[in-house]
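Okay, target_23.cif is below, mmCIF, C-alpha atoms:
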```cif
data_structure
#
loop_
_atom_site.group_PDB
_atom_site.id
_atom_site.type_symbol
_atom_site.label_atom_id
_atom_site.label_comp_id
_atom_site.auth_asym_id
_atom_site.auth_seq_id
_atom_site.Cartn_x
_atom_site.Cartn_y
_atom_site.Cartn_z
ATOM 1 C CA MET A 1 -10.258 24.475 137.543
ATOM 2 C CA ALA A 2 -9.316 21.363 135.650
ATOM 3 C CA ARG A 3 -6.418 18.958 135.655
ATOM 4 C CA VAL A 4 -4.816 18.079 132.352
ATOM 5 C CA ILE A 5 -2.486 15.087 132.204
ATOM 6 C CA VAL A 6 0.489 15.026 129.885
ATOM 7 C CA ASP A 7 2.205 11.655 129.527
ATOM 8 C CA VAL A 8 5.655 11.705 127.949
ATOM 9 C CA MET A 9 7.333 8.516 126.716
ATOM 10 C CA LEU A 10 10.584 7.853 124.878
ATOM 11 C CA LYS A 11 9.782 6.955 121.270
ATOM 12 C CA PRO A 12 9.538 3.190 120.782
ATOM 13 C CA GLU A 13 12.763 3.049 118.772
ATOM 14 C CA ILE A 14 14.802 4.779 121.508
ATOM 15 C CA LEU A 15 16.471 2.380 123.943
ATOM 16 C CA ASP A 16 15.152 2.805 127.503
ATOM 17 C CA PRO A 17 17.806 1.378 129.848
ATOM 18 C CA GLN A 18 15.854 2.476 132.937
ATOM 19 C CA GLY A 19 12.810 0.496 131.825
ATOM 20 C CA GLN A 20 15.050 -2.477 131.080
ATOM 21 C CA ALA A 21 16.564 -2.334 134.567
ATOM 22 C CA ILE A 22 13.073 -2.372 136.072
ATOM 23 C CA ALA A 23 12.033 -5.279 133.842
ATOM 24 C CA ARG A 24 15.103 -7.230 134.987
ATOM 25 C CA ALA A 25 14.388 -6.507 138.655
ATOM 26 C CA LEU A 26 10.768 -7.704 138.609
ATOM 27 C CA PRO A 27 11.432 -11.472 138.313
ATOM 28 C CA ARG A 28 13.871 -11.225 141.219
ATOM 29 C CA LEU A 29 11.003 -9.805 143.285
ATOM 30 C CA GLY A 30 8.734 -12.682 142.326
ATOM 31 C CA PHE A 31 6.729 -10.923 139.594
ATOM 32 C CA SER A 32 6.539 -13.209 136.599
ATOM 33 C CA GLY A 33 5.071 -12.854 133.132
ATOM 34 C CA VAL A 34 6.417 -9.333 132.415
ATOM 35 C CA SER A 35 7.849 -9.137 128.907
ATOM 36 C CA ASP A 36 8.876 -5.449 128.851
ATOM 37 C CA VAL A 37 8.762 -2.185 130.832
ATOM 38 C CA ARG A 38 9.132 1.340 129.445
ATOM 39 C CA GLN A 39 9.541 4.274 131.825
ATOM 40 C CA GLY A 40 8.094 7.708 131.142
ATOM 41 C CA LYS A 41 7.024 10.952 132.795
ATOM 42 C CA ARG A 42 3.565 12.181 133.837
ATOM 43 C CA PHE A 43 2.798 15.880 134.261
ATOM 44 C CA GLU A 44 -0.328 17.113 136.039
ATOM 45 C CA VAL A 45 -1.102 20.580 134.701
ATOM 46 C CA GLU A 46 -3.693 22.509 136.725
ATOM 47 C CA ILE A 47 -5.457 25.085 134.582
ATOM 48 C CA GLU A 48 -7.590 27.934 135.835
ATOM 49 C CA GLY A 49 -10.581 27.731 133.511
ATOM 50 C CA GLU A 50 -12.456 24.988 131.699
ATOM 51 C CA ALA A 51 -10.480 22.264 129.925
ATOM 52 C CA ASP A 52 -12.009 23.247 126.604
ATOM 53 C CA GLU A 53 -10.424 22.724 123.191
ATOM 54 C CA ALA A 54 -8.541 26.032 123.377
ATOM 55 C CA ALA A 55 -7.063 25.143 126.782
ATOM 56 C CA LEU A 56 -6.046 21.691 125.558
ATOM 57 C CA ALA A 57 -4.429 23.227 122.487
ATOM 58 C CA GLU A 58 -2.422 25.440 124.825
ATOM 59 C CA VAL A 59 -1.290 22.432 126.886
ATOM 60 C CA ARG A 60 -0.288 20.608 123.697
ATOM 61 C CA LYS A 61 1.835 23.630 122.811
ATOM 62 C CA MET A 62 3.438 23.507 126.296
ATOM 63 C CA ALA A 63 4.198 19.836 125.788
ATOM 64 C CA GLU A 64 5.786 20.403 122.381
ATOM 65 C CA THR A 65 7.775 23.403 123.585
ATOM 66 C CA LEU A 66 9.052 22.258 126.959
ATOM 67 C CA LEU A 67 7.593 19.131 128.570
ATOM 68 C CA ALA A 68 8.685 16.753 125.817
ATOM 69 C CA ASN A 69 11.682 16.722 123.517
ATOM 70 C CA THR A 70 9.876 15.616 120.384
ATOM 71 C CA VAL A 71 13.170 14.554 118.828
ATOM 72 C CA ILE A 72 13.173 11.489 121.091
ATOM 73 C CA GLU A 73 9.854 11.569 122.981
ATOM 74 C CA ASP A 74 6.125 11.266 122.197
ATOM 75 C CA PHE A 75 3.399 12.773 124.376
ATOM 76 C CA THR A 76 -0.346 12.462 124.936
ATOM 77 C CA VAL A 77 -2.671 15.054 126.484
ATOM 78 C CA ARG A 78 -5.950 14.212 128.259
ATOM 79 C CA VAL A 79 -8.278 15.736 130.843
ATOM 80 C CA GLU A 80 -8.505 13.975 134.185
ATOM 81 C CA ARG A 81 -12.154 13.376 135.048
ATOM 82 C CA MET B 1 45.848 43.431 116.958
ATOM 83 C CA ASN B 2 43.428 42.923 119.815
ATOM 84 C CA ALA B 3 43.064 39.413 121.204
ATOM 85 C CA ALA B 4 40.140 37.343 119.973
ATOM 86 C CA ARG B 5 37.296 37.382 122.484
ATOM 87 C CA VAL B 6 35.701 34.055 123.386
ATOM 88 C CA GLY B 7 32.572 34.184 125.541
ATOM 89 C CA VAL B 8 32.159 31.541 128.274
ATOM 90 C CA VAL B 9 28.573 31.102 129.430
ATOM 91 C CA THR B 10 27.600 30.520 133.063
ATOM 92 C CA PHE B 11 24.169 29.159 133.964
ATOM 93 C CA PRO B 12 23.109 28.326 137.525
ATOM 94 C CA GLY B 13 24.655 24.868 137.956
ATOM 95 C CA THR B 14 27.437 25.275 135.398
ATOM 96 C CA LEU B 15 30.661 23.650 136.659
ATOM 97 C CA ASP B 16 33.313 23.942 133.981
ATOM 98 C CA ASP B 17 33.224 27.645 133.129
ATOM 99 C CA GLN B 18 36.400 28.483 135.057
ATOM 100 C CA ASP B 19 38.392 25.709 133.349
ATOM 101 C CA ALA B 20 36.979 26.809 130.005
ATOM 102 C CA ALA B 21 37.947 30.437 130.613
ATOM 103 C CA ARG B 22 41.425 29.335 131.668
ATOM 104 C CA ALA B 23 41.819 27.219 128.527
ATOM 105 C CA VAL B 24 40.768 30.199 126.406
ATOM 106 C CA ARG B 25 43.365 32.412 128.117
ATOM 107 C CA LEU B 26 46.114 29.790 127.816
ATOM 108 C CA ALA B 27 45.515 29.733 124.067
ATOM 109 C CA GLY B 28 46.053 33.503 123.967
ATOM 110 C CA ALA B 29 42.483 34.748 123.670
ATOM 111 C CA GLU B 30 40.430 36.877 126.012
ATOM 112 C CA ALA B 31 37.780 34.945 127.974
ATOM 113 C CA VAL B 32 34.605 37.010 128.338
ATOM 114 C CA PRO B 33 32.161 35.867 131.044
ATOM 115 C CA LEU B 34 28.576 35.665 129.753
ATOM 116 C CA TRP B 35 25.669 35.350 132.175
ATOM 117 C CA HIS B 36 22.612 33.235 131.391
ATOM 118 C CA ALA B 37 20.161 35.938 132.490
ATOM 119 C CA ASP B 38 21.571 38.685 130.249
ATOM 120 C CA HIS B 39 20.346 39.448 126.745
ATOM 121 C CA ASP B 40 23.947 40.285 125.872
ATOM 122 C CA LEU B 41 26.683 38.440 123.962
ATOM 123 C CA LYS B 42 29.073 41.365 124.646
ATOM 124 C CA GLY B 43 30.239 41.372 121.055
ATOM 125 C CA VAL B 44 32.303 38.179 121.406
ATOM 126 C CA ASP B 45 33.874 36.443 118.406
ATOM 127 C CA ALA B 46 32.962 32.909 119.544
ATOM 128 C CA VAL B 47 31.127 31.221 122.426
ATOM 129 C CA PHE B 48 31.997 28.254 124.637
ATOM 130 C CA LEU B 49 29.049 26.538 126.365
ATOM 131 C CA PRO B 50 30.659 24.608 129.213
ATOM 132 C CA GLY B 51 29.528 21.518 131.086
ATOM 133 C CA GLY B 52 27.828 21.082 134.421
ATOM 134 C CA PHE B 53 24.235 20.691 135.518
ATOM 135 C CA SER B 54 22.586 23.901 134.323
ATOM 136 C CA TYR B 55 19.254 24.523 136.043
ATOM 137 C CA GLY B 56 19.843 21.302 137.946
ATOM 138 C CA ASP B 57 19.190 19.191 134.817
ATOM 139 C CA TYR B 58 15.509 19.574 135.780
ATOM 140 C CA LEU B 59 13.073 18.052 133.277
ATOM 141 C CA ARG B 60 15.875 17.058 130.849
ATOM 142 C CA CYS B 61 19.510 18.119 130.589
ATOM 143 C CA GLY B 62 19.562 21.510 128.883
ATOM 144 C CA ALA B 63 15.767 21.706 128.497
ATOM 145 C CA ILE B 64 15.359 24.810 130.654
ATOM 146 C CA SER B 65 18.732 26.446 129.926
ATOM 147 C CA ARG B 66 17.787 26.477 126.277
ATOM 148 C CA PHE B 67 15.122 29.122 127.037
ATOM 149 C CA SER B 68 17.400 31.440 129.023
ATOM 150 C CA PRO B 69 17.701 35.099 127.937
ATOM 151 C CA LEU B 70 21.281 34.560 126.796
ATOM 152 C CA MET B 71 20.179 31.690 124.540
ATOM 153 C CA ASP B 72 17.616 34.024 122.907
ATOM 154 C CA GLU B 73 20.641 35.954 121.649
ATOM 155 C CA LEU B 74 22.933 32.994 121.036
ATOM 156 C CA ILE B 75 20.550 30.889 118.915
ATOM 157 C CA PRO B 76 20.110 33.450 116.094
ATOM 158 C CA ALA B 77 23.801 34.429 116.286
ATOM 159 C CA ALA B 78 24.859 30.788 115.899
ATOM 160 C CA ARG B 79 22.462 30.367 112.956
ATOM 161 C CA ALA B 80 24.125 33.429 111.414
ATOM 162 C CA GLY B 81 27.593 31.875 111.714
ATOM 163 C CA LEU B 82 28.960 32.712 115.185
ATOM 164 C CA PRO B 83 31.309 29.853 116.187
ATOM 165 C CA VAL B 84 29.886 27.962 119.194
ATOM 166 C CA LEU B 85 31.377 24.976 121.008
ATOM 167 C CA GLY B 86 29.321 23.039 123.554
ATOM 168 C CA THR B 87 30.892 20.367 125.719
ATOM 169 C CA CYS B 88 28.904 17.893 127.806
ATOM 170 C CA ASN B 89 25.979 19.912 129.227
ATOM 171 C CA GLY B 90 26.791 22.504 126.553
ATOM 172 C CA PHE B 91 26.269 19.817 123.875
ATOM 173 C CA GLN B 92 22.976 18.858 125.529
ATOM 174 C CA ILE B 93 21.860 22.508 125.444
ATOM 175 C CA LEU B 94 22.795 22.838 121.748
ATOM 176 C CA CYS B 95 20.652 19.779 120.949
ATOM 177 C CA GLU B 96 17.712 21.003 123.045
ATOM 178 C CA ALA B 97 17.997 24.363 121.241
ATOM 179 C CA HIS B 98 17.900 22.513 117.882
ATOM 180 C CA LEU B 99 21.179 24.094 116.831
ATOM 181 C CA LEU B 100 22.360 20.494 116.497
ATOM 182 C CA PRO B 101 20.148 17.529 115.551
ATOM 183 C CA GLY B 102 19.335 14.596 117.830
ATOM 184 C CA ALA B 103 19.475 14.400 121.611
ATOM 185 C CA LEU B 104 21.569 13.144 124.516
ATOM 186 C CA THR B 105 19.940 10.751 126.919
ATOM 187 C CA ARG B 106 20.684 8.291 129.730
ATOM 188 C CA ASN B 107 23.859 6.227 129.338
ATOM 189 C CA GLU B 108 23.081 2.714 128.144
ATOM 190 C CA GLY B 109 24.716 1.210 131.246
ATOM 191 C CA LEU B 110 22.898 3.715 133.518
ATOM 192 C CA HIS B 111 26.130 4.519 135.368
ATOM 193 C CA TYR B 112 27.740 7.928 135.497
ATOM 194 C CA ILE B 113 31.012 7.473 133.596
ATOM 195 C CA CYS B 114 34.159 9.398 134.551
ATOM 196 C CA ARG B 115 37.297 8.296 132.711
ATOM 197 C CA ASP B 116 39.961 9.140 130.171
ATOM 198 C CA GLN B 117 38.517 8.389 126.767
ATOM 199 C CA GLY B 118 40.031 7.802 123.334
ATOM 200 C CA ILE B 119 38.390 9.858 120.584
ATOM 201 C CA ARG B 120 39.012 9.974 116.835
ATOM 202 C CA VAL B 121 38.737 13.326 115.069
ATOM 203 C CA GLU B 122 36.650 12.520 111.980
ATOM 204 C CA ASN B 123 36.260 16.052 110.638
ATOM 205 C CA ALA B 124 39.101 18.577 110.872
ATOM 206 C CA ASP B 125 37.279 21.226 108.839
ATOM 207 C CA THR B 126 35.007 22.741 111.503
ATOM 208 C CA ALA B 127 35.659 26.070 113.219
ATOM 209 C CA TRP B 128 36.840 24.172 116.314
ATOM 210 C CA THR B 129 38.917 21.328 114.822
ATOM 211 C CA GLY B 130 41.118 22.950 112.176
ATOM 212 C CA ASP B 131 44.273 22.307 114.190
ATOM 213 C CA PHE B 132 43.680 18.536 114.179
ATOM 214 C CA GLU B 133 44.182 16.045 111.362
ATOM 215 C CA ALA B 134 41.243 13.966 110.153
ATOM 216 C CA GLY B 135 41.733 10.490 111.626
ATOM 217 C CA GLN B 136 43.872 11.760 114.512
ATOM 218 C CA GLU B 137 43.238 9.997 117.816
ATOM 219 C CA ILE B 138 43.241 12.060 120.997
ATOM 220 C CA VAL B 139 42.467 11.412 124.675
ATOM 221 C CA LEU B 140 40.092 13.609 126.680
ATOM 222 C CA PRO B 141 38.234 13.181 129.979
ATOM 223 C CA VAL B 142 34.559 12.212 129.823
ATOM 224 C CA LYS B 143 32.239 12.628 132.825
ATOM 225 C CA HIS B 144 28.531 12.260 132.301
ATOM 226 C CA GLY B 145 25.440 10.227 133.089
ATOM 227 C CA GLU B 146 23.397 11.290 130.070
ATOM 228 C CA GLY B 147 25.705 11.277 127.086
ATOM 229 C CA ARG B 148 24.156 8.693 124.789
ATOM 230 C CA TYR B 149 23.690 10.400 121.438
ATOM 231 C CA VAL B 150 20.462 9.339 119.736
ATOM 232 C CA ALA B 151 18.642 10.514 116.630
ATOM 233 C CA ASP B 152 16.329 8.972 114.075
ATOM 234 C CA ALA B 153 17.920 6.754 111.432
ATOM 235 C CA GLU B 154 17.681 9.343 108.644
ATOM 236 C CA THR B 155 19.380 11.990 110.785
ATOM 237 C CA VAL B 156 22.260 9.671 111.671
ATOM 238 C CA ALA B 157 22.611 8.612 108.022
ATOM 239 C CA ALA B 158 22.700 12.266 106.942
ATOM 240 C CA LEU B 159 25.314 13.128 109.596
ATOM 241 C CA GLU B 160 27.504 10.263 108.380
ATOM 242 C CA ARG B 161 26.997 11.083 104.698
ATOM 243 C CA ASP B 162 27.821 14.768 105.140
ATOM 244 C CA GLY B 163 30.856 14.269 107.382
ATOM 245 C CA ARG B 164 29.094 15.924 110.305
ATOM 246 C CA VAL B 165 30.191 13.287 112.815
ATOM 247 C CA VAL B 166 33.174 15.234 114.139
ATOM 248 C CA PHE B 167 34.303 12.899 116.932
ATOM 249 C CA ARG B 168 33.889 9.173 117.506
ATOM 250 C CA TYR B 169 34.749 7.149 120.598
ATOM 251 C CA VAL B 170 37.577 4.631 120.147
ATOM 252 C CA GLY B 171 38.658 1.902 122.556
ATOM 253 C CA GLY B 172 35.130 1.458 123.945
ATOM 254 C CA ASN B 173 31.961 3.508 123.836
ATOM 255 C CA PRO B 174 31.246 4.952 127.318
ATOM 256 C CA ASN B 175 27.511 5.555 126.888
ATOM 257 C CA GLY B 176 26.090 3.462 124.043
ATOM 258 C CA SER B 177 25.777 6.392 121.619
ATOM 259 C CA MET B 178 24.626 5.552 118.079
ATOM 260 C CA ASN B 179 27.543 4.855 115.708
ATOM 261 C CA ASP B 180 29.954 5.596 118.620
ATOM 262 C CA ILE B 181 29.248 9.297 118.080
ATOM 263 C CA ALA B 182 31.056 11.569 120.571
ATOM 264 C CA GLY B 183 30.469 14.892 118.808
ATOM 265 C CA ILE B 184 28.777 16.444 115.781
ATOM 266 C CA THR B 185 28.550 19.721 113.900
ATOM 267 C CA ASN B 186 25.843 21.698 112.118
ATOM 268 C CA GLU B 187 25.729 22.036 108.344
ATOM 269 C CA ALA B 188 27.845 25.194 108.329
ATOM 270 C CA GLY B 189 30.522 23.741 110.630
ATOM 271 C CA ASN B 190 30.446 26.693 113.062
ATOM 272 C CA VAL B 191 28.491 24.919 115.825
ATOM 273 C CA VAL B 192 30.156 21.864 117.376
ATOM 274 C CA GLY B 193 29.015 19.794 120.347
ATOM 275 C CA LEU B 194 30.766 16.899 122.053
ATOM 276 C CA MET B 195 30.467 15.004 125.327
ATOM 277 C CA PRO B 196 34.226 14.868 126.175
ATOM 278 C CA HIS B 197 35.970 17.800 127.850
ATOM 279 C CA PRO B 198 38.770 19.590 125.976
ATOM 280 C CA GLU B 199 38.877 22.326 128.634
ATOM 281 C CA HIS B 200 40.055 19.753 131.210
ATOM 282 C CA ALA B 201 42.988 18.647 129.050
ATOM 283 C CA VAL B 202 45.120 21.723 128.457
ATOM 284 C CA GLU B 203 47.782 21.547 131.177
ATOM 285 C CA ASP B 204 50.065 18.765 132.433
ATOM 286 C CA LEU B 205 49.942 20.172 135.957
ATOM 287 C CA THR B 206 46.276 19.295 136.463
ATOM 288 C CA GLY B 207 46.782 15.562 135.995
ATOM 289 C CA ALA B 208 44.941 15.545 132.688
ATOM 290 C CA PRO B 209 45.496 12.475 130.506
ATOM 291 C CA SER B 210 46.810 14.698 127.712
ATOM 292 C CA VAL B 211 46.952 18.280 126.545
ATOM 293 C CA ASP B 212 44.959 17.361 123.432
ATOM 294 C CA GLY B 213 42.212 19.785 124.433
ATOM 295 C CA ARG B 214 44.438 22.703 123.486
ATOM 296 C CA GLY B 215 43.742 21.975 119.827
ATOM 297 C CA PHE B 216 40.128 23.152 120.155
ATOM 298 C CA PHE B 217 41.211 26.550 121.416
ATOM 299 C CA THR B 218 44.112 27.031 118.996
ATOM 300 C CA SER B 219 41.745 25.986 116.165
ATOM 301 C CA ILE B 220 39.207 28.678 116.946
ATOM 302 C CA LEU B 221 41.903 31.315 117.452
ATOM 303 C CA LYS B 222 43.419 30.624 114.046
ATOM 304 C CA LYS B 223 39.968 30.618 112.516
ATOM 305 C CA LEU B 224 39.126 34.008 114.069
ATOM 306 C CA VAL B 225 42.430 35.561 113.090
ATOM 307 C CA ASN B 226 42.072 34.387 109.486
ATOM 308 C CA VAL B 227 38.438 35.386 109.046
#
```
Just dump the structure as structure tokens.
Amino acid sequence: MARVIVDVMLKPEILDPQGQAIARALPRLGFSGVSDVRQGKRFEVEIEGEADEAALAEVRKMAETLLANTVIEDFTVRVER
Amino acid sequence: MNAARVGVVTFPGTLDDQDAARAVRLAGAEAVPLWHADHDLKGVDAVFLPGGFSYGDYLRCGAISRFSPLMDELIPAARAGLPVLGTCNGFQILCEAHLLPGALTRNEGLHYICRDQGIRVENADTAWTGDFEAGQEIVLPVKHGEGRYVADAETVAALERDGRVVFRYVGGNPNGSMNDIAGITNEAGNVVGLMPHPEHAVEDLTGAPSVDGRGFFTSILKKLVNV
């Protein structure tokens, strides 16, 4: 068993109004010094076997196919230790 | 001659299929119900992908619907020239399926927008807009929370250059879409997607702001009859 993390973020050039709303709320809550916030999604994919290169390649394929829309989103894949 | 047959797709969470079927019938065509879980287009002459919240909008709007059994049939048929119109969630599904470029994401103002919206028809040469004039302004309802059309700069430039921006918002952009884009078409002009709802603007009795939506259905009927 292993846990593979897929992080999905809107591409930098795509406006993220949700992140902006969070960034605007923070000073009101007394958090200063924040210049920007971007919001994304995190997927925790539990796989049955070892998180070897073949398994990671499979998760990357999942991310490209379904978890991310690569037209507007980037993703990263890593194994949680 | 038999009536043209326009398929109307229902996914779990689709809302506008009954209005779409009614609009098809009002225009004089036969509305053929198509079910998301069937590998069967029932030999229809054109397909309407209606709005709603298919598969609960889980993950992203249209992301899961795009892999439904019906879409396995529809995607190659559309690539081969079958006329397909997607409105709202239907437009989102067409983008997720890569039948249209770009994507629809969260409205710039974050609010769900429900209002009567001015739209300019920029391209009256598609399968679904032949009954309009280029430059004609119409009014249709919009109702969506994730209707902001985005694509990379080259894609938007190519859409503009090739006349593939079919509809543009006028009198205010409801969602912050790039270049005020409300709807686009594929290279062949048989697949059209837009956020506004023609199927909700076909009858005075329903309190619609106009009956401008009828033009979509009369356009496709004339196209099918003349093919």
Mind listing as a list in words which residues of chain A are within 8 Å of chain B, counting only C-alpha atoms? Ile14, Leu15, Asp16, Pro17, Gln18, Leu66, Leu67, Asn69, Val71 and Ile72 of chain A
In Å, how far is it from atom CA of Ala134 of chain B to atom CA of Leu224 of chain B?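 Those two atoms sit 20.5 Å apart.
For the set B:Asn173, B:Phe167, B:Leu85, B:Thr129, the residue with the smallest atom-to-atom gap to Phe216 of chain B is B:Thr129, counting all atoms listed in the file.
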What box, with edges along x, y and z, holds each listed atom of segment 17-34 of chain A when 8 Å is added on every side, and can you state its centre and edge lengths in Å to one decimal, as JSON?
```
{"center_x": 11.4, "center_y": -5.4, "center_z": 136.6, "size_x": 28.7, "size_y": 31.7, "size_z": 29.4}
```
Quick one: residues within 12 Å of Gly81 of chain B, all atoms listed in the file counted, chain neighbours fewer than 3 positions away excluded, as a PyMOL selection string? chain B and resi 45-47+74-78+84+99+126-127+186-192+224+227
Selected residues written out with C-alpha atoms, as a short mmCIF file (atom, residue, chain, number, x, y, z; two decimals), in the frame of the given file:
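Below is the file that was written, out.cif:
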```
data_model
loop_
_atom_site.label_atom_id
_atom_site.label_comp_id
_atom_site.auth_asym_id
_atom_site.auth_seq_id
_atom_site.Cartn_x
_atom_site.Cartn_y
_atom_site.Cartn_z
CA ASP B 45 33.87 36.44 118.41
CA ALA B 46 32.96 32.91 119.54
CA VAL B 47 31.13 31.22 122.43
CA LEU B 74 22.93 32.99 121.04
CA ILE B 75 20.55 30.89 118.92
CA PRO B 76 20.11 33.45 116.09
CA ALA B 77 23.80 34.43 116.29
CA ALA B 78 24.86 30.79 115.90
CA VAL B 84 29.89 27.96 119.19
CA LEU B 99 21.18 24.09 116.83
CA THR B 126 35.01 22.74 111.50
CA ALA B 127 35.66 26.07 113.22
CA ASN B 186 25.84 21.70 112.12
CA GLU B 187 25.73 22.04 108.34
CA ALA B 188 27.84 25.19 108.33
CA GLY B 189 30.52 23.74 110.63
CA ASN B 190 30.45 26.69 113.06
CA VAL B 191 28.49 24.92 115.82
CA VAL B 192 30.16 21.86 117.38
CA LEU B 224 39.13 34.01 114.07
CA VAL B 227 38.44 35.39 109.05
#
```
Can you work out the spacing between atom CA of Ser54 of chain B and atom CA of Asn89 of chain B in Å, to one decimal? 7.3 Å
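Separating atom CA of Val202 of chain B from atom CA of Ala97 of chain B is a distance of 28.2 Å.
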Taking (33.2, 13.9, 134.1) in the file's coordinates, which residues come within 10 Å, counting all atoms listed in the file, written as a PDB file with C-alpha atoms, keeping the file's coordinate frame?
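Output file result23.pdb is given in full below:
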```
ATOM      1  CA  GLY B  51      29.528  21.518 131.086  1.00  0.00           C
ATOM      2  CA  GLY B  52      27.828  21.082 134.421  1.00  0.00           C
ATOM      3  CA  CYS B  88      28.904  17.893 127.806  1.00  0.00           C
ATOM      4  CA  TYR B 112      27.740   7.928 135.497  1.00  0.00           C
ATOM      5  CA  ILE B 113      31.012   7.473 133.596  1.00  0.00           C
ATOM      6  CA  CYS B 114      34.159   9.398 134.551  1.00  0.00           C
ATOM      7  CA  ARG B 115      37.297   8.296 132.711  1.00  0.00           C
ATOM      8  CA  ASP B 116      39.961   9.140 130.171  1.00  0.00           C
ATOM      9  CA  PRO B 141      38.234  13.181 129.979  1.00  0.00           C
ATOM     10  CA  VAL B 142      34.559  12.212 129.823  1.00  0.00           C
ATOM     11  CA  LYS B 143      32.239  12.628 132.825  1.00  0.00           C
ATOM     12  CA  HIS B 144      28.531  12.260 132.301  1.00  0.00           C
ATOM     13  CA  GLY B 145      25.440  10.227 133.089  1.00  0.00           C
ATOM     14  CA  MET B 195      30.467  15.004 125.327  1.00  0.00           C
ATOM     15  CA  PRO B 196      34.226  14.868 126.175  1.00  0.00           C
ATOM     16  CA  HIS B 197      35.970  17.800 127.850  1.00  0.00           C
ATOM     17  CA  HIS B 200      40.055  19.753 131.210  1.00  0.00           C
TER      18      HIS B 200
END
```
At most 12 Å from (7.2, -3.1, 129.4), file frame, all atoms listed in the file: which residues, as an MDAnalysis selection string? chainID A and resid 9 12 16:24 26 33:40
Limited to C-alpha atoms, could you put the picked residues into a file as a CSV table (one decimal), in the frame of the given file?
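Dumped to out_39.csv:
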```csv
chain,number,residue,atom,x,y,z
A,9,MET,CA,7.3,8.5,126.7
A,12,PRO,CA,9.5,3.2,120.8
A,16,ASP,CA,15.2,2.8,127.5
A,17,PRO,CA,17.8,1.4,129.8
A,18,GLN,CA,15.9,2.5,132.9
A,19,GLY,CA,12.8,0.5,131.8
A,20,GLN,CA,15.0,-2.5,131.1
A,21,ALA,CA,16.6,-2.3,134.6
A,22,ILE,CA,13.1,-2.4,136.1
A,23,ALA,CA,12.0,-5.3,133.8
A,24,ARG,CA,15.1,-7.2,135.0
A,26,LEU,CA,10.8,-7.7,138.6
A,33,GLY,CA,5.1,-12.9,133.1
A,34,VAL,CA,6.4,-9.3,132.4
A,35,SER,CA,7.8,-9.1,128.9
A,36,ASP,CA,8.9,-5.4,128.9
A,37,VAL,CA,8.8,-2.2,130.8
A,38,ARG,CA,9.1,1.3,129.4
A,39,GLN,CA,9.5,4.3,131.8
A,40,GLY,CA,8.1,7.7,131.1
```
Which neighbours of Ile5 of chain A fall inside 9 Å, counting all atoms listed in the file, when residues of the same chain fewer than 2 positions from it are skipped, and could you give them as a list in words?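 Non-adjacent residues within range: Arg3, Asp7, Arg42, Phe43, Glu44, Val45, Glu46, Thr76, Val77, Arg78, Val79 and Glu80 of chain A.
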Using all atoms listed in the file, which protein or nucleic acid residues come within 9 Å of Leu194 of chain B? Drop anything in the same chain fewer than 3 positions from it, and give the result as a count of residues only. 15
With all atoms listed in the file as the counted atoms, please give the residues lying no more than 12 Å from segment 27-31 of chain B, apart from itself and same-chain residues fewer than 2 positions off, as a PyMOL selection string. chain B and resi 1-9+17-25+33-34+42+44-48+199+202-203+211+213-222+224-225
Taking the file as shown, find all residues satisfying the PyMOL selection byres ((chain A and resi 52) around 12) and write them as a ChimeraX atom specification. /A:1-4,47-51,53-59,78-79
Could you write out that same residue set with C-alpha atoms as a JSON list (two decimals), in the coordinates of the input?
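Heads up, here's the output in out-v7.json:
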```json
[["chain", "number", "residue", "atom", "x", "y", "z"],
["A", 1, "MET", "CA", -10.26, 24.48, 137.54],
["A", 2, "ALA", "CA", -9.32, 21.36, 135.65],
["A", 3, "ARG", "CA", -6.42, 18.96, 135.66],
["A", 4, "VAL", "CA", -4.82, 18.08, 132.35],
["A", 47, "ILE", "CA", -5.46, 25.08, 134.58],
["A", 48, "GLU", "CA", -7.59, 27.93, 135.84],
["A", 49, "GLY", "CA", -10.58, 27.73, 133.51],
["A", 50, "GLU", "CA", -12.46, 24.99, 131.70],
["A", 51, "ALA", "CA", -10.48, 22.26, 129.93],
["A", 53, "GLU", "CA", -10.42, 22.72, 123.19],
["A", 54, "ALA", "CA", -8.54, 26.03, 123.38],
["A", 55, "ALA", "CA", -7.06, 25.14, 126.78],
["A", 56, "LEU", "CA", -6.05, 21.69, 125.56],
["A", 57, "ALA", "CA", -4.43, 23.23, 122.49],
["A", 58, "GLU", "CA", -2.42, 25.44, 124.82],
["A", 59, "VAL", "CA", -1.29, 22.43, 126.89],
["A", 78, "ARG", "CA", -5.95, 14.21, 128.26],
["A", 79, "VAL", "CA", -8.28, 15.74, 130.84]]
```
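Nearest residue to Gly207 of chain B among B:Leu41, B:Leu26, B:Leu140, B:Ala124 is B:Leu140, counting all atoms listed in the file.
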